[in-house]
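Enquirer: Pasting a structure here, questions to come.
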Amino acid sequence: MRTINFIKKLFRGNRFRSISIPPFVLAIIAFIVTIFLFNKYTYENLNPTTIYYDEDMNSSFPIVYQIKNGSKINEMRGFTSDKYNIVSNDTITLLEKDRKLNLLVKNNGNTFNSLNYEVRDRTSNLLLERSKLEIPSSNYNRTLDETNVSFTIQNLIRPNTAYLLTIKMNVTGREIYYFTNIINRTRTNIDDAISMATDFTEKTFNVASASELVKYFETSMNRDMREMYSVTLQQSFEQMTFANTGMRRISEYYYDIYQAQEYSYNIAIHYLTESTKTTHRDLFVNRDEYVLRWDDMRWYYMKFNRHTEEILNLENKPYDETKNRFYLGITDPTNLEKIESENKRFFAFCKKNEIYVYDDEKKTMTSVFSYRISDAKSFANVPKNYGVKLMSVSDEGEVVYILYGYNSSGRNEGNMGIGIFRYNSVQNISVENIFLPIYTTFQSLKYDISRLCVFKNNQFIFKSYNKVYSINVDTSEMLTLADNFDENKFAASTNSRYFAFNNDTEEVSKHINIYNIDDGRITTIDAKDDDYIEVVTFMNDDLFY
């Protein structure tokens, strides 16, 4: 943790069949089963006294990349269970024409002499191939802590069809799993597509070279010509070339391929940059998103969107005493949130995936949570599929927050889920109260959290798929508040006081249940005899249906 003094405040301002068992008996049974499964599923990950956050949060599991023409593609993080194979849906890995797959393993200090891999049909889960691959010692580069691995998928797969590839390694006595979708395209221009995207990004660092990109611009007066956190082809040439920041790249390019049809490709490039026009060091995390299309004649840039987030460095940032402001640098305002304690002494704010707390009495700002990105090496270690969210801040400066998505360090490394943390301002540490592993993708988890995620009266309430759970953070007791509702018939109020849902067994809905999060009461709205009723949305506390 780092604490520095400063002068002014940061801000002003599935359905059940009907059966004859009495409802209260069903409720008791459901509660017992839920508690049993929850404890069986989660208790091993529960450690209410572990200091989770420190200055070194590096991954200990190897990281795997596909290598194409020297480029690192589709980063694969290790998981502790093969049940996480759903994460393979995030990216598409194209085999070479001879069905060969070239991988680079960043060992992170681990050694292994072999790996196992298997290919399964995504629809039927039918096993098509399972092999063990011995790794020659010549493939291991001790200087760079990397291992090169190549193998050829047998001809059991159909062309142009996605299959699940699972790679398994034994690392320090634990089985670690890696997942991706693989496709053997009979015709593909993926190498050219990667080259086109890279060439575009490279040219944006040089004004003279970037002049060749002007022909792709579709400037629109509806776009902000000053913002730098999100830049598209509809904005200005100055924005496209990083304005007057003298930006230069200081990391490798890391690629993700989300779609690779015969003529259309969705590609993202991740990289770290720094400004050369400031007296102190300013670092920026960038993600360039492309949609490229080929029509046998030429390439088209259908979409370009660069997202830039400046890394906050409290030791270097100036404070404007005259304006009572602290400058956050280039950041997406939609990623900012703030919570204030009732006594107004403390407030916490979240900037992208970083959390800080301000003490108005001591005039100090403290970094509560942040992955330390200070150079290209640390940038490569930080996972891309995670997020943080503020829950509360007390009158004593205790901050409750969640870290969700892929867990890349600590005792829960290799799991996807939600970690609930408390920051103690006196001891200046964060303690993990509970970790909830969830077998899902990061995008699904992020979507569910955006719909309902509340911390009230020591209860953490959140939505996961078509269920809503409540967990006592101190006792780990878990209740199911709603289940088996239709995803399209659910809504929560923006102030987190209510959520409403339909869960009728019939095809049409005759009832809406409204749950009051403050007091736990449920109100039911019934449709008239010949009508049906469905949840639409909330506006503040008002339900539209």
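Here's how to read the names in the structure tokens: chain A, B, ... by the order shown, residue numbers from 1 in each chain, ligand numbers from 1 in the order shown.
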Out of stretch 209-432 of chain A, which residues get strand (DSSP E) from DSSP, as a PyMOL selection string?

Expert: chain A and resi 230-232+247-249+254-260+264-275+283-294+299-310+319-320+325-326+336-340+346-351+354-359+364-369+386-393+399-407+415-424+429-432

Enquirer: For stretch 91-93 of chain A, list every protein, DNA or RNA residue within 12 Å, evaluated using only C-alpha atoms, and leave out those in the same chain fewer than 3 positions away; present the list as a PyMOL selection string.

Expert: chain A and resi 65-68+72-76+86-88+96+99-103+160-165+179-185+190+255-261+265-268+441

Enquirer: What's the 7 Å shell around stretch 359-361 of chain A, counting only C-alpha atoms, without same-chain residues fewer than 4 positions away, as a list in words?

Expert: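 Those residues are Arg345, Phe346 and Met365 of chain A.
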
Enquirer: May I have the residues from that selection written out with N, CA and C atoms, as an mmCIF file, in the first residue's frame?

Expert:
data_model
loop_
_atom_site.group_PDB
_atom_site.id
_atom_site.type_symbol
_atom_site.label_atom_id
_atom_site.label_comp_id
_atom_site.auth_asym_id
_atom_site.auth_seq_id
_atom_site.Cartn_x
_atom_site.Cartn_y
_atom_site.Cartn_z
ATOM 1 N N ARG A 345 -16.234 11.933 6.327
ATOM 2 C CA ARG A 345 -14.783 11.996 6.508
ATOM 3 C C ARG A 345 -14.058 11.250 5.395
ATOM 4 N N PHE A 346 -14.599 10.109 4.981
ATOM 5 C CA PHE A 346 -13.945 9.271 3.978
ATOM 6 C C PHE A 346 -14.769 9.197 2.703
ATOM 7 N N MET A 365 -4.515 10.396 0.689
ATOM 8 C CA MET A 365 -5.111 9.504 -0.310
ATOM 9 C C MET A 365 -4.334 8.193 -0.299
#

Enquirer: Please produce, as CSV, a per-residue contact table for stretch 357-399 of chain A versus stretch 444-456 of chain A (criterion: any atom at most 12 Å away, only C-alpha atoms considered), showing the nearest atom pair and its distance in Å to one decimal, sorted by chain then residue number.

Expert:
residue,atom,partner,partner_atom,distance
A:Asn385,CA,A:Lys446,CA,9.5
A:Tyr386,CA,A:Lys446,CA,8.6
A:Gly387,CA,A:Lys446,CA,7.7
A:Val388,CA,A:Lys446,CA,9.8
A:Lys389,CA,A:Ile449,CA,9.0
A:Leu390,CA,A:Phe455,CA,9.3
A:Met391,CA,A:Phe455,CA,5.7
A:Ser392,CA,A:Phe455,CA,7.1
A:Val393,CA,A:Phe455,CA,10.6
A:Ser394,CA,A:Lys456,CA,11.8
A:Val399,CA,A:Phe455,CA,11.3

Enquirer: Determine which residues of stretch 288-449 of chain A receive a DSSP assignment of helix (DSSP H, G or I), computed from the backbone, and state them as a PyMOL selection string.

Expert: chain A and resi 333-335+376-381+442-449

Enquirer: Smallest atom-to-atom distance to A:Ser60: which of A:Lys384, A:Arg174, A:Lys344, A:Lys489, using only C-alpha atoms?

Expert: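 For A:Ser60, the nearest of the given residues is A:Arg174.
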
Enquirer: Which residue gives the smallest distance to A:Tyr327 among A:Lys303, A:Lys351, A:Lys510, A:Arg249, with only C-alpha atoms counted?

Expert: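 Using only C-alpha atoms, the shortest distance to A:Tyr327 belongs to A:Lys351.
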
Enquirer: Looking at A:Ser341, A:Ser251, A:Thr273, A:Thr143, which one is nearest to A:Lys377, with distances taken over only C-alpha atoms?

Expert: A:Ser251

Enquirer: Tell me which protein, DNA and RNA residues are within 10 Å of A:Glu212, counting only C-alpha atoms, leaving out same-chain ones fewer than 5 positions away, and put them as a PDB file with all heavy atoms, in the first residue's frame.

Expert:
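Contents of selection-v2.pdb, as written:
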ATOM      1  N   PHE A 200      -1.669  -0.429 -38.941  1.00  0.00           N
ATOM      2  CA  PHE A 200      -2.491   0.744 -38.623  1.00  0.00           C
ATOM      3  C   PHE A 200      -2.077   1.324 -37.274  1.00  0.00           C
ATOM      4  O   PHE A 200      -1.830   2.540 -37.149  1.00  0.00           O
ATOM      5  CB  PHE A 200      -3.969   0.346 -38.597  1.00  0.00           C
ATOM      6  CG  PHE A 200      -4.922   1.502 -38.575  1.00  0.00           C
ATOM      7  CD1 PHE A 200      -5.630   1.861 -39.709  1.00  0.00           C
ATOM      8  CD2 PHE A 200      -5.120   2.235 -37.410  1.00  0.00           C
ATOM      9  CE1 PHE A 200      -6.526   2.923 -39.676  1.00  0.00           C
ATOM     10  CE2 PHE A 200      -5.995   3.304 -37.374  1.00  0.00           C
ATOM     11  CZ  PHE A 200      -6.704   3.654 -38.507  1.00  0.00           C
ATOM     12  N   LYS A 203       1.346   3.100 -37.339  1.00  0.00           N
ATOM     13  CA  LYS A 203       1.374   4.389 -38.013  1.00  0.00           C
ATOM     14  C   LYS A 203       0.808   5.513 -37.161  1.00  0.00           C
ATOM     15  O   LYS A 203       1.145   6.688 -37.365  1.00  0.00           O
ATOM     16  CB  LYS A 203       0.621   4.293 -39.341  1.00  0.00           C
ATOM     17  CG  LYS A 203       1.381   3.512 -40.407  1.00  0.00           C
ATOM     18  CD  LYS A 203       0.596   3.389 -41.696  1.00  0.00           C
ATOM     19  CE  LYS A 203       1.422   2.646 -42.749  1.00  0.00           C
ATOM     20  NZ  LYS A 203       0.668   2.417 -44.008  1.00  0.00           N
ATOM     21  N   THR A 204      -0.034   5.179 -36.187  1.00  0.00           N
ATOM     22  CA  THR A 204      -0.605   6.240 -35.351  1.00  0.00           C
ATOM     23  C   THR A 204       0.430   6.882 -34.440  1.00  0.00           C
ATOM     24  O   THR A 204       0.177   7.954 -33.860  1.00  0.00           O
ATOM     25  CB  THR A 204      -1.763   5.703 -34.493  1.00  0.00           C
ATOM     26  OG1 THR A 204      -1.279   4.674 -33.606  1.00  0.00           O
ATOM     27  CG2 THR A 204      -2.874   5.144 -35.359  1.00  0.00           C
ATOM     28  N   VAL A 207       3.209  11.037 -37.111  1.00  0.00           N
ATOM     29  CA  VAL A 207       2.281  11.902 -37.859  1.00  0.00           C
ATOM     30  C   VAL A 207       2.448  11.724 -39.356  1.00  0.00           C
ATOM     31  O   VAL A 207       1.467  11.666 -40.106  1.00  0.00           O
ATOM     32  CB  VAL A 207       2.487  13.369 -37.451  1.00  0.00           C
ATOM     33  CG1 VAL A 207       1.651  14.287 -38.332  1.00  0.00           C
ATOM     34  CG2 VAL A 207       2.130  13.578 -35.985  1.00  0.00           C
TER      35      VAL A 207
END

Enquirer: Which residue out of A:Thr276, A:Thr166, A:Thr186, A:Asn407 has the minimum interatomic distance to A:Asp82 when only C-alpha atoms are used?

Expert: A:Thr166

Enquirer: Would you mind listing what lies within 7 Å of A:Ser509 as a ChimeraX atom specification, with only C-alpha atoms counted and same-chain residues fewer than 6 positions away left out?

Expert: /A:502,532-534

Enquirer: Those same residues - N, CA, C and O atoms - I'd like them written as an mmCIF file, in the first residue's frame.

Expert:
data_model
loop_
_atom_site.group_PDB
_atom_site.id
_atom_site.type_symbol
_atom_site.label_atom_id
_atom_site.label_comp_id
_atom_site.auth_asym_id
_atom_site.auth_seq_id
_atom_site.Cartn_x
_atom_site.Cartn_y
_atom_site.Cartn_z
ATOM 1 N N ASN A 502 -40.098 -12.302 -13.057
ATOM 2 C CA ASN A 502 -41.144 -13.294 -13.314
ATOM 3 C C ASN A 502 -40.523 -14.679 -13.185
ATOM 4 O O ASN A 502 -39.434 -14.910 -13.692
ATOM 5 N N TYR A 532 -51.522 -11.151 -19.264
ATOM 6 C CA TYR A 532 -50.270 -11.620 -18.683
ATOM 7 C C TYR A 532 -49.410 -10.398 -18.377
ATOM 8 O O TYR A 532 -49.672 -9.288 -18.853
ATOM 9 N N ILE A 533 -48.374 -10.595 -17.593
ATOM 10 C CA ILE A 533 -47.610 -9.474 -17.060
ATOM 11 C C ILE A 533 -46.127 -9.820 -17.075
ATOM 12 O O ILE A 533 -45.737 -10.935 -16.749
ATOM 13 N N GLU A 534 -45.287 -8.854 -17.499
ATOM 14 C CA GLU A 534 -43.849 -9.091 -17.587
ATOM 15 C C GLU A 534 -43.067 -7.874 -17.111
ATOM 16 O O GLU A 534 -43.467 -6.730 -17.337
#

Enquirer: Give me the residues near A:Asn206 as a ChimeraX atom specification, where near means some atom within 10 Å (using only C-alpha atoms) and where sequence neighbours in that chain fewer than 5 positions away do not count.

Expert: /A:201,211,241-242,246-248
